$ cat protein_34.pdb   # PDB, C-alpha atoms, pLDDT in the B column
ATOM      1  CA  MET A  23       0.000   0.000   0.000  1.00 49.00           C
ATOM      2  CA  LEU A  24       2.778   2.436   0.871  1.00 52.00           C
ATOM      3  CA  ASN A  25       4.580   1.744  -2.395  1.00 55.00           C
ATOM      4  CA  ALA A  26       1.472   2.750  -4.328  1.00 50.00           C
ATOM      5  CA  ILE A  27       1.128   5.914  -2.253  1.00 51.00           C
ATOM      6  CA  SER A  28       4.789   6.832  -2.649  1.00 55.00           C
ATOM      7  CA  ALA A  29       4.438   6.358  -6.389  1.00 55.00           C
ATOM      8  CA  LEU A  30       1.760   9.068  -6.349  1.00 52.00           C
ATOM      9  CA  SER A  31       4.069  11.699  -4.862  1.00 54.00           C
ATOM     10  CA  PRO A  32       5.778  12.617  -8.180  1.00 58.00           C
ATOM     11  CA  VAL A  33       2.425  12.525  -9.956  1.00 51.00           C
ATOM     12  CA  ALA A  34       0.919  14.876  -7.388  1.00 50.00           C
ATOM     13  CA  SER A  35       3.867  17.209  -7.732  1.00 53.00           C
ATOM     14  CA  ARG A  36       3.520  17.291 -11.536  1.00 57.00           C
ATOM     15  CA  ALA A  37      -0.239  17.805 -11.272  1.00 49.00           C
ATOM     16  CA  ALA A  38       0.278  20.659  -8.838  1.00 46.00           C
ATOM     17  CA  GLN A  39       2.775  22.245 -11.214  1.00 52.00           C
ATOM     18  CA  GLY A  40       0.285  21.909 -14.075  1.00 49.00           C
ATOM     19  CA  VAL A  41      -2.465  23.526 -12.022  1.00 42.00           C
ATOM     20  CA  THR A  42      -0.105  26.288 -10.963  1.00 43.00           C
ATOM     21  CA  GLN A  43       0.948  26.937 -14.569  1.00 46.00           C
ATOM     22  CA  GLY A  44      -2.661  26.943 -15.692  1.00 43.00           C
ATOM     23  CA  LEU A  45      -3.626  29.410 -13.007  1.00 38.00           C
ATOM     24  CA  SER A  46      -0.692  31.688 -13.812  1.00 42.00           C
ATOM     25  CA  GLY A  47      -2.145  32.467 -17.236  1.00 39.00           C
ATOM     26  CA  LEU A  48      -5.490  33.765 -16.015  1.00 34.00           C
ATOM     27  CA  GLY A  49      -4.793  37.411 -16.714  1.00 38.00           C
ATOM     28  CA  ALA A  50      -3.000  40.626 -15.964  1.00 37.00           C
ATOM     29  CA  SER A  51      -5.362  41.560 -13.143  1.00 35.00           C
ATOM     30  CA  LEU A  52      -4.094  38.646 -11.089  1.00 32.00           C
ATOM     31  CA  THR A  53      -0.525  39.674 -11.890  1.00 39.00           C
ATOM     32  CA  ASN A  54      -1.166  43.152 -10.515  1.00 40.00           C
ATOM     33  CA  ALA A  55      -2.754  41.744  -7.374  1.00 37.00           C
ATOM     34  CA  SER A  56       0.123  39.344  -6.805  1.00 40.00           C
ATOM     35  CA  ALA A  57       2.630  42.174  -7.284  1.00 42.00           C
ATOM     36  CA  GLN A  58       0.942  43.997  -4.414  1.00 41.00           C
ATOM     37  CA  VAL A  59       1.285  40.953  -2.186  1.00 40.00           C
ATOM     38  CA  GLY A  60       5.040  41.277  -2.685  1.00 44.00           C
ATOM     39  CA  ALA A  61       7.595  39.360  -0.710  1.00 42.00           C
ATOM     40  CA  ALA A  62       5.068  37.218   1.149  1.00 43.00           C
ATOM     41  CA  ALA A  63       4.590  35.028  -1.924  1.00 47.00           C
ATOM     42  CA  THR A  64       8.303  34.659  -2.645  1.00 52.00           C
ATOM     43  CA  THR A  65       9.230  32.815   0.527  1.00 60.00           C
ATOM     44  CA  PRO A  66      10.368  29.221   0.003  1.00 60.00           C
ATOM     45  CA  GLY A  67       7.615  26.669   0.249  1.00 55.00           C
ATOM     46  CA  SER A  68       4.821  29.145  -0.341  1.00 73.00           C
ATOM     47  CA  ASP A  69       3.838  27.991  -3.829  1.00 85.00           C
ATOM     48  CA  PHE A  70       1.110  25.410  -4.283  1.00 80.00           C
ATOM     49  CA  GLY A  71       3.341  22.694  -5.721  1.00 84.00           C
ATOM     50  CA  SER A  72       5.830  22.686  -2.856  1.00 88.00           C
ATOM     51  CA  VAL A  73       3.094  22.818  -0.211  1.00 85.00           C
ATOM     52  CA  PHE A  74       1.297  19.906  -1.863  1.00 83.00           C
ATOM     53  CA  ALA A  75       4.560  17.927  -2.114  1.00 87.00           C
ATOM     54  CA  ASN A  76       5.347  18.569   1.573  1.00 89.00           C
ATOM     55  CA  VAL A  77       1.896  17.369   2.594  1.00 86.00           C
ATOM     56  CA  ALA A  78       2.364  14.218   0.507  1.00 87.00           C
ATOM     57  CA  GLU A  79       5.750  13.532   2.107  1.00 91.00           C
ATOM     58  CA  ASN A  80       4.373  14.049   5.619  1.00 91.00           C
ATOM     59  CA  PHE A  81       1.458  11.776   4.769  1.00 91.00           C
ATOM     60  CA  LEU A  82       3.812   9.024   3.645  1.00 92.00           C
ATOM     61  CA  ASP A  83       5.955   9.351   6.766  1.00 93.00           C
ATOM     62  CA  THR A  84       2.916   9.183   9.041  1.00 93.00           C
ATOM     63  CA  MET A  85       1.543   6.139   7.228  1.00 93.00           C
ATOM     64  CA  LYS A  86       4.908   4.376   7.479  1.00 94.00           C
ATOM     65  CA  GLN A  87       5.125   5.136  11.202  1.00 94.00           C
ATOM     66  CA  GLY A  88       1.598   3.860  11.758  1.00 93.00           C
ATOM     67  CA  GLU A  89       2.298   0.673   9.843  1.00 94.00           C
ATOM     68  CA  ALA A  90       5.577   0.110  11.696  1.00 94.00           C
ATOM     69  CA  ALA A  91       3.870   0.676  15.043  1.00 94.00           C
ATOM     70  CA  ALA A  92       1.102  -1.767  14.127  1.00 93.00           C
ATOM     71  CA  VAL A  93       3.640  -4.431  13.203  1.00 94.00           C
ATOM     72  CA  SER A  94       5.558  -3.796  16.427  1.00 94.00           C
ATOM     73  CA  GLY A  95       2.332  -4.063  18.385  1.00 93.00           C
ATOM     74  CA  VAL A  96       1.456  -7.382  16.791  1.00 94.00           C
ATOM     75  CA  GLN A  97       4.937  -8.654  17.612  1.00 94.00           C
ATOM     76  CA  GLY A  98       4.574  -7.435  21.196  1.00 92.00           C
ATOM     77  CA  LYS A  99       7.450  -4.947  20.946  1.00 93.00           C
ATOM     78  CA  ALA A 100       5.357  -1.787  21.394  1.00 92.00           C
ATOM     79  CA  ALA A 101       2.894  -0.601  24.018  1.00 93.00           C
ATOM     80  CA  VAL A 102      -0.771  -0.589  23.072  1.00 94.00           C
ATOM     81  CA  GLN A 103      -1.046   3.157  23.696  1.00 94.00           C
ATOM     82  CA  ASP A 104       1.818   3.895  21.275  1.00 93.00           C
ATOM     83  CA  VAL A 105       0.245   1.693  18.620  1.00 93.00           C
ATOM     84  CA  VAL A 106      -3.145   3.368  18.996  1.00 94.00           C
ATOM     85  CA  GLN A 107      -1.600   6.854  18.808  1.00 95.00           C
ATOM     86  CA  ALA A 108       0.377   5.998  15.674  1.00 93.00           C
ATOM     87  CA  VAL A 109      -2.612   4.388  13.966  1.00 93.00           C
ATOM     88  CA  MET A 110      -4.890   7.321  14.852  1.00 95.00           C
ATOM     89  CA  SER A 111      -2.323   9.755  13.492  1.00 93.00           C
ATOM     90  CA  ALA A 112      -2.126   7.742  10.272  1.00 93.00           C
ATOM     91  CA  GLU A 113      -5.927   7.732  10.056  1.00 94.00           C
ATOM     92  CA  GLN A 114      -6.045  11.515  10.425  1.00 94.00           C
ATOM     93  CA  SER A 115      -3.424  11.872   7.695  1.00 92.00           C
ATOM     94  CA  LEU A 116      -5.445   9.603   5.428  1.00 93.00           C
ATOM     95  CA  GLN A 117      -8.587  11.663   6.041  1.00 95.00           C
ATOM     96  CA  LEU A 118      -6.655  14.844   5.234  1.00 90.00           C
ATOM     97  CA  ALA A 119      -5.333  13.325   2.016  1.00 90.00           C
ATOM     98  CA  MET A 120      -8.835  12.256   0.983  1.00 93.00           C
ATOM     99  CA  ALA A 121     -10.221  15.723   1.735  1.00 94.00           C
ATOM    100  CA  MET A 122      -7.458  17.332  -0.328  1.00 90.00           C
ATOM    101  CA  ARG A 123      -8.137  14.924  -3.179  1.00 91.00           C
ATOM    102  CA  ASP A 124     -11.835  15.775  -3.079  1.00 96.00           C
ATOM    103  CA  LYS A 125     -11.089  19.505  -3.162  1.00 94.00           C
ATOM    104  CA  VAL A 126      -8.709  19.135  -6.112  1.00 91.00           C
ATOM    105  CA  VAL A 127     -11.272  17.056  -8.023  1.00 95.00           C
ATOM    106  CA  SER A 128     -14.048  19.557  -7.329  1.00 96.00           C
ATOM    107  CA  ALA A 129     -11.792  22.452  -8.411  1.00 94.00           C
ATOM    108  CA  TYR A 130     -10.957  20.595 -11.631  1.00 94.00           C
ATOM    109  CA  GLN A 131     -14.658  20.010 -12.271  1.00 95.00           C
ATOM    110  CA  GLU A 132     -15.329  23.716 -11.758  1.00 95.00           C
ATOM    111  CA  PHE A 133     -12.630  24.576 -14.304  1.00 92.00           C
ATOM    112  CA  THR A 134     -14.099  22.188 -16.841  1.00 94.00           C
ATOM    113  CA  ARG A 135     -17.549  23.774 -16.421  1.00 93.00           C
ATOM    114  CA  MET A 136     -16.266  27.300 -17.055  1.00 91.00           C
ATOM    115  CA  GLN A 137     -17.156  28.807 -20.393  1.00 85.00           C
ATOM    116  CA  ILE A 138     -14.403  30.492 -22.309  1.00 78.00           C
TER     117      ILE A 138
END
$ encode --input "protein_34.pdb" --output "structure tokens"
Amino acid sequence: MLNAISALSPVASRAAQGVTQGLSGLGASLTNASAQVGAAATTPGSDFGSVFANVAENFLDTMKQGEAAAVSGVQGKAAVQDVVQAVMSAEQSLQLAMAMRDKVVSAYQEFTRMQI
């Protein structure tokens, strides 16, 4: 399962870059507004692609920790409380990833419904 999820990380990064490039061509009015925002948008990690990639990496790490804790719990090497905390954290990360996926899909559907 984790191999399939880790394989999605580069795809998500490329998709985020495509969305970012598509949004950058929306018009000069957005360019003027972003120029007013100034240095706040130029800080590292503030663009959509890098934020999305960081979330994907954190998601993978949390899932790996949860899986490792579950295996350790089955083997009797970890306390039950630690296993439950790791699994709950992994579940929250999975719910966040699903919510993000749903938002991206709904945004894509909105773009496809726009008339040019």
$ residues_around --input "protein_34.pdb" --residues "Met122 (chain A)" --least-positions-apart "2" --cutoff "12 Å" --atoms "all atoms listed in the file" --output "short mmCIF file (atom, residue, chain, number, x, y, z; two decimals) with C-alpha atoms, in the coordinates of the input"
data_model
loop_
_atom_site.label_atom_id
_atom_site.label_comp_id
_atom_site.auth_asym_id
_atom_site.auth_seq_id
_atom_site.Cartn_x
_atom_site.Cartn_y
_atom_site.Cartn_z
CA ALA A 34 0.92 14.88 -7.39
CA ALA A 38 0.28 20.66 -8.84
CA VAL A 73 3.09 22.82 -0.21
CA PHE A 74 1.30 19.91 -1.86
CA VAL A 77 1.90 17.37 2.59
CA ALA A 78 2.36 14.22 0.51
CA PHE A 81 1.46 11.78 4.77
CA SER A 115 -3.42 11.87 7.70
CA LEU A 116 -5.44 9.60 5.43
CA GLN A 117 -8.59 11.66 6.04
CA LEU A 118 -6.66 14.84 5.23
CA ALA A 119 -5.33 13.32 2.02
CA MET A 120 -8.84 12.26 0.98
CA ASP A 124 -11.84 15.78 -3.08
CA LYS A 125 -11.09 19.50 -3.16
CA VAL A 126 -8.71 19.14 -6.11
CA VAL A 127 -11.27 17.06 -8.02
CA SER A 128 -14.05 19.56 -7.33
CA ALA A 129 -11.79 22.45 -8.41
#
$ closest_residue --input "protein_34.pdb" --among "A:Val106, A:Ala75, A:Met136, A:Leu82" --to "Ser94 (chain A)" --atoms "all atoms listed in the file"
A:Val106
$ atom_distance --input "protein_34.pdb" --atom1 "CA of Ala112 (chain A)" --atom2 "CA of Gln131 (chain A)"
28.6 Å
$ atom_distance --input "protein_34.pdb" --atom1 "CA of Ala100 (chain A)" --atom2 "CA of Lys86 (chain A)"
15.2 Å
$ atom_distance --input "protein_34.pdb" --atom1 "CA of Ala91 (chain A)" --atom2 "CA of Val105 (chain A)"
5.2 Å
$ resolve_selection --input "protein_34.pdb" --expression "the PyMOL selection byres ((chain A and resi 89) around 12)" --output "ChimeraX atom specification"
/A:23-24,82-88,90-96,104-113
$ axis_aligned_box --input "protein_34.pdb" --around "region 80-94 of chain A" --padding-each-side "4 Å" --output "lines of an AutoDock Vina configuration file"
center_x = 3.5
center_y = 4.8
center_z = 10.0
size_x = 12.9
size_y = 26.5
size_z = 20.8
